[in-house]
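Printed here is data_14.cif (mmCIF, C-alpha atoms):
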data_target
#
loop_
_atom_site.label_atom_id
_atom_site.label_comp_id
_atom_site.auth_asym_id
_atom_site.auth_seq_id
_atom_site.Cartn_x
_atom_site.Cartn_y
_atom_site.Cartn_z
CA MET A 1 13.03 -15.86 -3.99
CA PRO A 2 14.96 -12.86 -2.56
CA TYR A 3 15.89 -12.86 1.14
CA LEU A 4 16.06 -9.43 2.77
CA SER A 5 17.89 -8.15 5.84
CA ALA A 6 15.34 -7.33 8.56
CA ASP A 7 17.29 -4.29 9.78
CA ALA A 8 17.90 -2.94 6.29
CA LEU A 9 14.25 -3.49 5.36
CA ALA A 10 13.04 -1.61 8.43
CA GLY A 11 15.37 1.25 7.53
CA VAL A 12 14.03 1.51 3.98
CA LEU A 13 10.42 1.42 5.19
CA ARG A 14 11.11 4.17 7.74
CA GLU A 15 12.56 6.39 5.01
CA VAL A 16 9.64 5.66 2.66
CA TYR A 17 7.10 6.74 5.27
CA VAL A 18 9.06 9.82 6.29
CA ALA A 19 9.18 10.77 2.59
CA VAL A 20 5.36 10.91 2.49
CA GLY A 21 5.08 13.03 5.63
CA VAL A 22 4.96 10.52 8.47
CA PRO A 23 6.77 11.83 11.58
CA PRO A 24 10.00 9.85 12.19
CA ASP A 25 8.82 8.24 15.45
CA ALA A 26 5.56 7.10 13.86
CA ALA A 27 7.40 5.90 10.74
CA GLU A 28 9.57 3.71 12.94
CA VAL A 29 6.50 2.18 14.63
CA VAL A 30 4.94 1.30 11.27
CA ALA A 31 8.17 -0.02 9.73
CA ASN A 32 8.99 -2.19 12.73
CA ALA A 33 5.46 -3.61 12.83
CA GLN A 34 5.59 -4.61 9.17
CA VAL A 35 9.01 -6.21 9.50
CA GLU A 36 7.94 -8.07 12.65
CA ALA A 37 4.98 -9.48 10.68
CA ASP A 38 7.33 -10.73 7.97
CA LEU A 39 9.70 -12.15 10.58
CA ALA A 40 6.79 -14.09 12.08
CA GLY A 41 5.99 -15.51 8.65
CA HIS A 42 2.83 -13.45 8.13
CA ALA A 43 3.78 -11.86 4.81
CA SER A 44 0.17 -10.78 4.28
CA HIS A 45 0.69 -8.11 6.97
CA GLY A 46 4.29 -7.23 6.17
CA VAL A 47 6.22 -5.31 3.54
CA MET A 48 3.72 -6.23 0.83
CA LYS A 49 1.32 -3.64 2.35
CA THR A 50 3.75 -0.73 1.90
CA ALA A 51 2.52 0.45 -1.49
CA ASP A 52 -1.08 0.37 -0.22
CA TYR A 53 -0.25 2.43 2.87
CA VAL A 54 1.70 4.98 0.83
CA ALA A 55 -1.19 5.31 -1.63
CA LEU A 56 -3.69 5.88 1.19
CA ILE A 57 -1.50 8.63 2.65
CA GLU A 58 -1.00 10.30 -0.72
CA ARG A 59 -4.76 10.24 -1.41
CA GLY A 60 -5.45 11.84 1.96
CA HIS A 61 -7.31 8.80 3.32
CA LEU A 62 -4.76 8.48 6.12
CA VAL A 63 -3.39 11.46 8.05
CA PRO A 64 0.24 10.79 8.97
CA ASP A 65 0.41 13.46 11.68
CA ALA A 66 -3.18 13.15 12.95
CA GLU A 67 -3.96 14.08 16.54
CA ILE A 68 -5.01 10.90 18.34
CA GLU A 69 -7.82 12.03 20.65
CA LEU A 70 -8.86 10.49 23.96
CA VAL A 71 -12.59 11.24 23.83
CA ASP A 72 -13.66 9.32 26.95
CA ASP A 73 -11.32 8.47 29.81
CA ARG A 74 -12.44 6.53 32.88
CA PRO A 75 -10.49 4.52 35.48
CA ASN A 76 -11.07 1.15 33.75
CA SER A 77 -11.87 2.19 30.19
CA ALA A 78 -11.21 4.67 27.40
CA VAL A 79 -12.40 5.56 23.91
CA ILE A 80 -9.89 6.78 21.32
CA ASP A 81 -10.70 8.58 18.07
CA ALA A 82 -7.55 8.37 15.95
CA HIS A 83 -8.82 10.82 13.29
CA TRP A 84 -7.44 8.60 10.50
CA ALA A 85 -3.99 8.21 11.95
CA LEU A 86 -1.87 5.24 10.96
CA GLY A 87 -3.44 2.32 12.77
CA PHE A 88 -0.16 0.91 14.04
CA VAL A 89 0.54 4.11 15.95
CA ALA A 90 -2.94 4.62 17.43
CA THR A 91 -3.42 1.00 18.48
CA GLN A 92 0.03 0.78 20.08
CA GLN A 93 -0.88 3.83 22.17
CA ALA A 94 -4.23 2.24 23.04
CA VAL A 95 -2.60 -1.01 24.20
CA ASP A 96 -0.20 0.92 26.40
CA LEU A 97 -3.09 2.93 27.86
CA ALA A 98 -5.07 -0.24 28.58
CA GLY A 99 -1.99 -1.73 30.22
CA ASP A 100 -1.48 1.31 32.44
CA LYS A 101 -5.11 1.19 33.56
CA ALA A 102 -5.00 -2.57 34.19
CA GLU A 103 -1.88 -2.23 36.32
CA ARG A 104 -3.68 0.34 38.47
CA HIS A 105 -7.15 -1.22 38.58
CA GLY A 106 -6.79 -4.90 37.68
CA VAL A 107 -8.74 -4.92 34.40
CA ALA A 108 -9.25 -2.36 31.65
CA ALA A 109 -10.72 -2.01 28.16
CA VAL A 110 -10.09 0.52 25.39
CA THR A 111 -11.74 0.98 21.99
CA VAL A 112 -10.25 2.73 18.95
CA ARG A 113 -12.05 4.10 15.88
CA GLN A 114 -11.20 6.06 12.73
CA GLN A 115 -7.75 4.66 11.96
CA GLY A 116 -5.90 2.80 9.24
CA HIS A 117 -4.98 -0.87 9.05
CA ILE A 118 -3.31 -2.10 12.24
CA GLY A 119 -1.48 -5.13 10.83
CA ARG A 120 -0.89 -8.27 12.89
CA LEU A 121 -2.91 -8.34 16.12
CA GLY A 122 -0.39 -10.55 17.91
CA ALA A 123 2.01 -7.62 18.04
CA TYR A 124 -0.39 -5.77 20.35
CA SER A 125 -1.51 -8.58 22.64
CA SER A 126 2.12 -9.66 23.10
CA ARG A 127 3.06 -6.06 23.90
CA ALA A 128 0.73 -6.30 26.90
CA ALA A 129 2.05 -9.75 27.82
CA GLN A 130 5.63 -8.47 27.76
CA ARG A 131 4.76 -6.32 30.77
CA GLY A 132 3.22 -9.28 32.61
CA LEU A 133 -0.41 -8.69 31.60
CA ILE A 134 -2.91 -10.82 29.72
CA GLY A 135 -3.81 -8.99 26.53
CA LEU A 136 -6.86 -9.47 24.28
CA VAL A 137 -7.36 -7.64 20.98
CA THR A 138 -10.09 -7.90 18.34
CA ALA A 139 -10.49 -5.92 15.12
CA ASP A 140 -13.01 -5.22 12.36
CA SER A 141 -12.86 -3.06 9.22
CA GLY A 142 -16.14 -1.15 9.59
CA ARG A 143 -18.01 -0.47 6.34
CA ALA A 144 -14.96 -1.04 4.14
CA PRO A 145 -15.25 -3.70 1.41
CA LYS A 146 -15.59 -7.16 2.97
CA SER A 147 -14.03 -10.49 2.15
CA VAL A 148 -15.85 -13.29 4.04
CA ALA A 149 -19.21 -14.92 3.45
CA PRO A 150 -21.34 -15.78 6.50
CA TYR A 151 -21.94 -19.47 7.09
CA GLY A 152 -24.30 -20.73 4.39
CA GLY A 153 -23.78 -17.73 2.10
CA ARG A 154 -21.57 -16.81 -0.85
CA GLY A 155 -21.61 -12.99 -0.70
CA ARG A 156 -18.96 -11.00 1.17
CA ARG A 157 -20.56 -9.59 4.32
CA LEU A 158 -17.83 -9.88 6.98
CA GLY A 159 -14.18 -8.99 7.42
CA THR A 160 -11.65 -11.60 8.46
CA ASN A 161 -12.34 -10.29 12.00
CA PRO A 162 -9.17 -11.40 13.82
CA LEU A 163 -8.64 -12.18 17.48
CA SER A 164 -5.45 -12.30 19.52
CA ILE A 165 -4.85 -13.29 23.15
CA ALA A 166 -1.40 -13.31 24.74
CA VAL A 167 -0.33 -14.45 28.20
CA PRO A 168 3.00 -14.08 29.97
CA SER A 169 5.07 -17.12 30.87
CA GLY A 170 8.15 -17.78 32.93
CA SER A 171 10.56 -19.07 30.29
CA HIS A 172 8.84 -18.98 26.89
CA GLY A 173 8.08 -15.29 26.62
CA PRO A 174 4.53 -14.34 25.62
CA ILE A 175 2.31 -17.23 24.54
CA VAL A 176 0.37 -15.71 21.63
CA LEU A 177 -2.83 -16.83 19.93
CA ASP A 178 -3.28 -14.74 16.76
CA MET A 179 -5.95 -15.88 14.34
CA ALA A 180 -8.49 -14.74 11.81
CA THR A 181 -12.02 -16.03 12.24
CA ALA A 182 -11.99 -16.66 8.50
CA THR A 183 -10.07 -19.56 7.01
CA ALA A 184 -7.24 -17.11 6.25
CA ALA A 185 -6.39 -13.43 6.04
CA LYS A 186 -7.22 -11.93 2.64
CA GLY A 187 -3.57 -11.02 2.15
CA LYS A 188 -2.66 -14.71 2.17
CA LEU A 189 -4.63 -15.09 -1.08
CA THR A 190 -2.51 -12.31 -2.56
CA VAL A 191 0.67 -14.03 -1.40
CA ALA A 192 -0.45 -17.34 -2.93
CA ARG A 193 -1.48 -15.67 -6.19
CA ASP A 194 1.83 -13.80 -6.49
CA ARG A 195 3.77 -17.00 -5.84
CA GLY A 196 1.71 -19.03 -8.29
CA ASP A 197 0.41 -21.31 -5.54
CA THR A 198 -3.00 -22.81 -4.91
CA VAL A 199 -4.67 -22.51 -1.50
CA PRO A 200 -5.99 -25.33 0.70
CA GLU A 201 -9.46 -26.73 0.12
CA GLY A 202 -12.08 -25.06 2.26
CA TRP A 203 -10.54 -21.58 2.15
CA LEU A 204 -12.85 -19.96 -0.37
CA VAL A 205 -15.68 -20.26 -2.85
CA ASP A 206 -15.97 -18.74 -6.31
CA ALA A 207 -18.61 -16.24 -7.37
CA ASP A 208 -21.16 -19.04 -7.79
CA GLY A 209 -20.51 -20.45 -4.30
CA ARG A 210 -18.48 -23.44 -5.52
CA PRO A 211 -15.40 -24.53 -3.51
CA THR A 212 -12.10 -23.69 -5.22
CA THR A 213 -8.36 -23.75 -4.53
CA ASP A 214 -7.58 -20.98 -7.05
CA PRO A 215 -6.68 -17.78 -5.15
CA GLY A 216 -7.54 -15.79 -8.30
CA ALA A 217 -11.20 -16.76 -7.86
CA TYR A 218 -11.45 -14.21 -5.07
CA ASP A 219 -10.70 -11.36 -7.48
CA GLU A 220 -13.48 -12.63 -9.76
CA GLY A 221 -16.19 -12.30 -7.12
CA GLY A 222 -15.40 -15.18 -4.78
CA ALA A 223 -15.34 -15.05 -1.01
CA LEU A 224 -13.33 -16.41 1.89
CA LEU A 225 -15.16 -18.76 4.26
CA PRO A 226 -15.47 -18.71 8.05
CA LEU A 227 -13.06 -20.83 10.05
CA GLY A 228 -14.10 -24.40 10.74
CA ALA A 229 -14.67 -26.30 7.46
CA ASP A 230 -17.87 -28.36 8.00
CA GLN A 231 -18.14 -26.72 11.44
CA ALA A 232 -17.83 -23.21 9.99
CA TYR A 233 -20.83 -21.97 11.95
CA LYS A 234 -18.41 -21.82 14.90
CA GLY A 235 -16.02 -19.52 13.06
CA PHE A 236 -19.00 -17.49 11.89
CA GLY A 237 -20.20 -17.16 15.48
CA LEU A 238 -16.78 -15.89 16.59
CA SER A 239 -16.69 -13.46 13.68
CA PHE A 240 -20.16 -12.17 14.56
CA MET A 241 -19.14 -11.40 18.15
CA ILE A 242 -15.87 -9.77 17.10
CA GLU A 243 -17.82 -7.52 14.75
CA VAL A 244 -20.02 -6.53 17.70
CA LEU A 245 -16.99 -5.70 19.89
CA SER A 246 -14.92 -3.99 17.21
CA GLY A 247 -17.56 -2.57 14.90
CA LEU A 248 -20.73 -1.91 16.85
CA LEU A 249 -19.19 -1.10 20.25
CA THR A 250 -16.66 1.25 18.66
CA GLY A 251 -19.41 2.90 16.62
CA ILE A 252 -17.82 2.39 13.19
CA GLY A 253 -20.78 0.30 12.06
CA PHE A 254 -21.29 -2.78 9.90
CA GLY A 255 -22.21 -3.59 6.34
CA THR A 256 -20.36 -2.77 3.14
CA ASP A 257 -19.70 0.47 1.29
CA PRO A 258 -17.83 -0.48 -1.92
CA ASP A 259 -16.02 2.86 -1.76
CA GLY A 260 -15.52 2.74 2.01
CA ILE A 261 -12.09 3.40 3.51
CA HIS A 262 -10.54 0.64 5.57
CA ASN A 263 -11.33 1.66 9.16
CA ASP A 264 -10.00 -0.71 11.78
CA GLY A 265 -12.24 -0.64 14.81
CA VAL A 266 -10.38 -2.22 17.71
CA PHE A 267 -11.40 -3.58 21.10
CA ILE A 268 -8.58 -4.09 23.62
CA ALA A 269 -8.78 -5.65 27.07
CA ALA A 270 -5.92 -6.03 29.54
CA PHE A 271 -5.87 -8.07 32.74
CA ALA A 272 -3.33 -7.75 35.53
CA VAL A 273 -2.48 -11.29 36.63
CA ASP A 274 -1.64 -10.17 40.15
CA ALA A 275 -5.20 -8.91 40.59
CA PHE A 276 -6.22 -12.58 40.61
CA ARG A 277 -3.21 -14.54 41.90
CA ASP A 278 0.56 -14.37 42.41
CA GLN A 279 2.33 -13.38 39.17
CA GLY A 280 5.27 -15.76 39.55
CA ALA A 281 3.06 -18.73 40.40
CA PHE A 282 0.87 -18.05 37.36
CA GLU A 283 3.83 -17.85 35.00
CA ARG A 284 5.27 -21.09 36.41
CA ASP A 285 1.90 -22.75 35.85
CA VAL A 286 1.89 -21.55 32.23
CA ASP A 287 5.34 -23.12 31.75
CA ASP A 288 4.17 -26.36 33.37
CA PHE A 289 1.06 -26.40 31.19
CA VAL A 290 3.18 -26.03 28.05
CA ALA A 291 5.44 -28.89 29.19
CA TYR A 292 2.41 -31.06 30.02
CA LEU A 293 0.94 -30.59 26.54
CA LYS A 294 4.27 -31.17 24.81
CA GLN A 295 4.54 -34.56 26.54
CA THR A 296 1.36 -35.77 24.81
CA PRO A 297 1.91 -38.90 22.65
CA LEU A 298 2.10 -37.77 19.03
CA ALA A 299 -0.42 -38.56 16.32
CA GLN A 300 0.78 -40.01 13.02
CA GLY A 301 2.42 -37.41 10.80
CA HIS A 302 3.38 -35.04 13.61
CA ASP A 303 6.86 -34.43 15.04
CA GLU A 304 5.99 -32.29 18.07
CA ILE A 305 3.31 -30.19 19.72
CA LEU A 306 3.78 -26.44 19.48
CA TYR A 307 2.29 -23.90 21.86
CA PRO A 308 0.44 -20.90 20.32
CA GLY A 309 2.98 -18.55 18.74
CA GLU A 310 5.92 -20.96 18.97
CA LEU A 311 6.19 -21.42 15.23
CA GLU A 312 6.26 -17.65 14.71
CA HIS A 313 8.95 -17.31 17.39
CA ARG A 314 11.13 -19.88 15.64
CA ARG A 315 10.60 -18.30 12.24
CA ALA A 316 11.62 -14.91 13.59
CA GLU A 317 14.89 -16.30 14.91
CA HIS A 318 15.59 -18.02 11.58
CA TYR A 319 14.68 -15.01 9.42
CA HIS A 320 16.70 -12.64 11.60
CA ARG A 321 19.71 -14.82 10.94
CA ASP A 322 19.24 -15.76 7.28
CA GLY A 323 16.99 -13.03 5.89
CA ILE A 324 13.26 -12.60 5.31
CA PRO A 325 11.85 -14.33 2.19
CA VAL A 326 9.98 -11.76 0.11
CA GLY A 327 8.28 -12.51 -3.19
CA SER A 328 9.81 -10.95 -6.30
CA HIS A 329 6.50 -9.22 -7.08
CA THR A 330 6.43 -7.62 -3.60
CA LEU A 331 10.08 -6.56 -3.81
CA ALA A 332 9.48 -4.97 -7.22
CA HIS A 333 6.53 -2.99 -5.82
CA LEU A 334 8.60 -1.79 -2.87
CA THR A 335 11.52 -0.82 -5.11
CA ARG A 336 9.29 1.22 -7.43
CA VAL A 337 7.69 3.07 -4.52
CA ALA A 338 11.04 3.73 -2.86
CA GLU A 339 12.71 4.95 -6.06
CA ARG A 340 9.79 7.28 -6.80
CA LEU A 341 10.21 8.80 -3.34
CA GLY A 342 13.99 9.04 -3.61
CA VAL A 343 14.74 6.27 -1.09
CA GLU A 344 17.78 4.07 -1.71
CA THR A 345 17.13 0.30 -1.65
CA ARG A 346 20.62 -1.08 -2.26
CA GLY A 347 21.78 -3.55 0.38
CA LEU A 348 18.34 -5.02 1.07
CA THR A 349 18.94 -8.44 -0.44
CA VAL A 350 21.17 -10.83 1.51
CA ALA A 351 20.52 -13.95 -0.62
CA THR A 352 18.36 -15.29 -3.45
#
Could you spell out this file's structure in structure tokens?
Amino acid sequence: MPYLSADALAGVLREVYVAVGVPPDAAEVVANAQVEADLAGHASHGVMKTADYVALIERGHLVPDAEIELVDDRPNSAVIDAHWALGFVATQQAVDLAGDKAERHGVAAVTVRQQGHIGRLGAYSSRAAQRGLIGLVTADSGRAPKSVAPYGGRGRRLGTNPLSIAVPSGSHGPIVLDMATATAAKGKLTVARDRGDTVPEGWLVDADGRPTTDPGAYDEGGALLPLGADQAYKGFGLSFMIEVLSGLLTGIGFGTDPDGIHNDGVFIAAFAVDAFRDQGAFERDVDDFVAYLKQTPLAQGHDEILYPGELEHRRAEHYHRDGIPVGSHTLAHLTRVAERLGVETRGLTVAT
């Protein structure tokens, strides 16, 4: 498997997006977000999405220089219509706006509609936590094609409907929960298929509703399942509420239009810790809580207890040093897109 330089990869992605009309500042936001996803080990939201994003821009489904409109602005809340801007750009602006409002008023919420895919939610919640806030982000894909069956069903009626919460700490940086309410993100099936891997039991069913570990079954009419295995009604319940916050509250709707454009509705909430208690004392308590949990006697087969986001943090350090593993299929796609747009890709690979 090829290993790519994170910095070189970000540079190539920036040039690719500029070549299809994305303003340089926005291109940098998108490129960095994709590379950060790969660094965290979430390849399903990383460079493998580049060809899809480029195609959506070239078809006119995404507007690279769209005016992101603040349609309702109140002291503790706001509504943003991104007018089909790149989702990374609009949602980053929305998180910053929610953070500004929370710092002034203690708590704030912002919704975003009419935008492209926003990638990994943990990037946004941790952005709030990096400024000392608690950040919460949920997302839904509107009436775009769905991937998840509701509990007890076999037809695709829901998105993977992710949730992320991040809190600041004293010495660990942001503690980040970032999860789909399905068993996995749809892109993880693509990664497994491209690598010739199977997926864990309980991830999906085939078109007839039978459990399978073949990621290719999804492309033949199968569906992902809600999180929770035999307790999947809990994951379904979470998914339902996230669809309400990110789909119904934003106004992008629910249901499935087979020809629908991916439209990430997003709900963002930010909480200023110092509106509730002393910031330093809270962050020390978070550190102490992490230490307390890590001191738990270990169950058989486990080497340590990791706090939410710790594994991603370690991966990022490792991949920064040794290169990001990228599947040959994904690299070939990126190379073809880049060459077509006149973007040089030499120097990407640091090892194989």
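On the file presented, the PyMOL selection byres ((chain A and resi 90) around 9) picks out Ile68, Ile80, Asp81, Ala82, Ala85, Leu86, Gly87, Phe88, Val89, Thr91, Gln92, Gln93, Ala94, Val95, Val112, Gln115, Gly116 and Ile118 of chain A.
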Using all atoms listed in the file, can you list as a PDB file with C-alpha atoms, keeping the file's coordinate frame the residues within 7 Å of (-9.5, -7.4, 17.4)?
ATOM      1  CA  LEU A 121      -2.910  -8.340  16.120  1.00  0.00           C
ATOM      2  CA  VAL A 137      -7.360  -7.640  20.980  1.00  0.00           C
ATOM      3  CA  THR A 138     -10.090  -7.900  18.340  1.00  0.00           C
ATOM      4  CA  ALA A 139     -10.490  -5.920  15.120  1.00  0.00           C
ATOM      5  CA  ASP A 140     -13.010  -5.220  12.360  1.00  0.00           C
ATOM      6  CA  ASN A 161     -12.340 -10.290  12.000  1.00  0.00           C
ATOM      7  CA  PRO A 162      -9.170 -11.400  13.820  1.00  0.00           C
ATOM      8  CA  LEU A 163      -8.640 -12.180  17.480  1.00  0.00           C
ATOM      9  CA  SER A 164      -5.450 -12.300  19.520  1.00  0.00           C
ATOM     10  CA  ILE A 242     -15.870  -9.770  17.100  1.00  0.00           C
ATOM     11  CA  SER A 246     -14.920  -3.990  17.210  1.00  0.00           C
ATOM     12  CA  VAL A 266     -10.380  -2.220  17.710  1.00  0.00           C
ATOM     13  CA  PHE A 267     -11.400  -3.580  21.100  1.00  0.00           C
TER      14      PHE A 267
END
Just say which residues the PyMOL selection byres ((chain A and resi 237) around 12) picks in this file, as a ChimeraX atom specification. /A:150-151,158,161,181-182,226-228,231-236,238-244
Output for the residues just chosen: C-alpha atoms as a compact mmCIF listing (two decimals), keeping the file's coordinate frame:
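Below is the file out30.txt, written as the result:
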# COMPACT_ATOMS: atom_id res chain seq x y z
CA PRO A 150 -21.34 -15.78 6.50
CA TYR A 151 -21.94 -19.47 7.09
CA LEU A 158 -17.83 -9.88 6.98
CA ASN A 161 -12.34 -10.29 12.00
CA THR A 181 -12.02 -16.03 12.24
CA ALA A 182 -11.99 -16.66 8.50
CA PRO A 226 -15.47 -18.71 8.05
CA LEU A 227 -13.06 -20.83 10.05
CA GLY A 228 -14.10 -24.40 10.74
CA GLN A 231 -18.14 -26.72 11.44
CA ALA A 232 -17.83 -23.21 9.99
CA TYR A 233 -20.83 -21.97 11.95
CA LYS A 234 -18.41 -21.82 14.90
CA GLY A 235 -16.02 -19.52 13.06
CA PHE A 236 -19.00 -17.49 11.89
CA LEU A 238 -16.78 -15.89 16.59
CA SER A 239 -16.69 -13.46 13.68
CA PHE A 240 -20.16 -12.17 14.56
CA MET A 241 -19.14 -11.40 18.15
CA ILE A 242 -15.87 -9.77 17.10
CA GLU A 243 -17.82 -7.52 14.75
CA VAL A 244 -20.02 -6.53 17.70
Could you tell me which residues the PyMOL selection byres ((chain A and resi 20-28) around 10) grabs in this file, written as a PyMOL selection string? chain A and resi 10-11+13-19+29-34+54-55+57-58+63-66+85-86+88-90+341
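If you measure from each of A:Arg346, A:Arg154, A:Pro174, A:Gly251 to Val205 of chain A using all atoms listed in the file, the closest one turns out to be A:Arg154.
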Pick out the residues sitting within 9 Å of Ile305 of chain A, and hand them over as JSON, numbers by chain; count all atoms listed in the file, and ignore anything fewer than 3 positions along from it in its own chain. {"A": [293, 294, 295, 296, 298, 302]}
Kindly export the residues of the current selection with C-alpha atoms, as a short mmCIF file (atom, residue, chain, number, x, y, z; two decimals), in the frame of the given file.
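Once written, again.cif looks like this:
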data_model
loop_
_atom_site.label_atom_id
_atom_site.label_comp_id
_atom_site.auth_asym_id
_atom_site.auth_seq_id
_atom_site.Cartn_x
_atom_site.Cartn_y
_atom_site.Cartn_z
CA LEU A 293 0.94 -30.59 26.54
CA LYS A 294 4.27 -31.17 24.81
CA GLN A 295 4.54 -34.56 26.54
CA THR A 296 1.36 -35.77 24.81
CA LEU A 298 2.10 -37.77 19.03
CA HIS A 302 3.38 -35.04 13.61
#
Give me the residues of segment 131-228 of chain A that have any atom at most 8 Å from an atom of segment 324-338 of chain A; for each, the nearest atom pair and the distance in Å, rounded to one decimal. Use only C-alpha atoms, sort by chain and number, and format it as a tab-separated table.
residue	atom	partner	partner_atom	distance
A:Val191	CA	A:Gly327	CA	8.0
A:Asp194	CA	A:His329	CA	6.6
A:Arg195	CA	A:Gly327	CA	6.9
Ranking A:His45, A:Ala217, A:Asp303, A:Phe271 by minimum distance to Arg104 of chain A and counting only C-alpha atoms, which one comes first?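 Using only C-alpha atoms, the shortest distance to Arg104 of chain A belongs to A:Phe271.
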Can you tell me, as a compact mmCIF listing (two decimals) with C-alpha atoms, in the coordinates of the input, what residues are no more than 7 Å from Leu177 of chain A when counting all atoms listed in the file, ignoring any on the same chain fewer than 4 positions away?
# COMPACT_ATOMS: atom_id res chain seq x y z
CA SER A 164 -5.45 -12.30 19.52
CA ILE A 165 -4.85 -13.29 23.15
CA ALA A 166 -1.40 -13.31 24.74
CA PRO A 308 0.44 -20.90 20.32
CA GLY A 309 2.98 -18.55 18.74
Counting all atoms listed in the file, which of A:Glu283, A:Glu317, A:Asp274, A:Asp206 gets nearest to Val107 of chain A?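 Result for the nearest residue to Val107 of chain A: A:Asp274.
Here atom CA of Arg284 of chain A stands at a distance of 28.9 Å from atom CA of Ala180 of chain A.
Separating atom CA of Pro258 of chain A from atom CA of Thr212 of chain A is a distance of 24.1 Å.
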Determine the nearest neighbour of Val286 of chain A from the options A:Pro168, A:Gly119, A:Gly155, A:Gly135, counting only C-alpha atoms.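 The answer is A:Pro168, which sits nearest to Val286 of chain A.
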Nearest-residue call for Phe254 of chain A, choices A:Leu70, A:Ser169, A:Gly221, A:Gly142, using only C-alpha atoms: A:Gly142
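The shell of residues at most 10 Å from Asp96 of chain A, with only C-alpha atoms counted and near chain neighbours (fewer than 4 positions) removed, consists of Thr91, Gln92, Asp100, Lys101, Ala102, Val110, Tyr124, Arg127, Ala128, Arg131 and Ala270 of chain A.
Here the question is which of A:Arg156, A:Arg143, A:His172, A:Arg120 gets nearest to Asp285 of chain A using all atoms listed in the file, and that residue is A:His172.
One finds atom CA of Lys188 of chain A at 12.2 Å from atom CA of Asp214 of chain A.
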Around all the atoms of segment 316-319 of chain A listed in the file, draw an axis-aligned box and extend it by 5 Å on each of the six sides; I want its centre and edge lengths in Å to one decimal, as JSON.
{"center_x": 13.6, "center_y": -16.5, "center_z": 12.2, "size_x": 14.0, "size_y": 13.1, "size_z": 15.5}
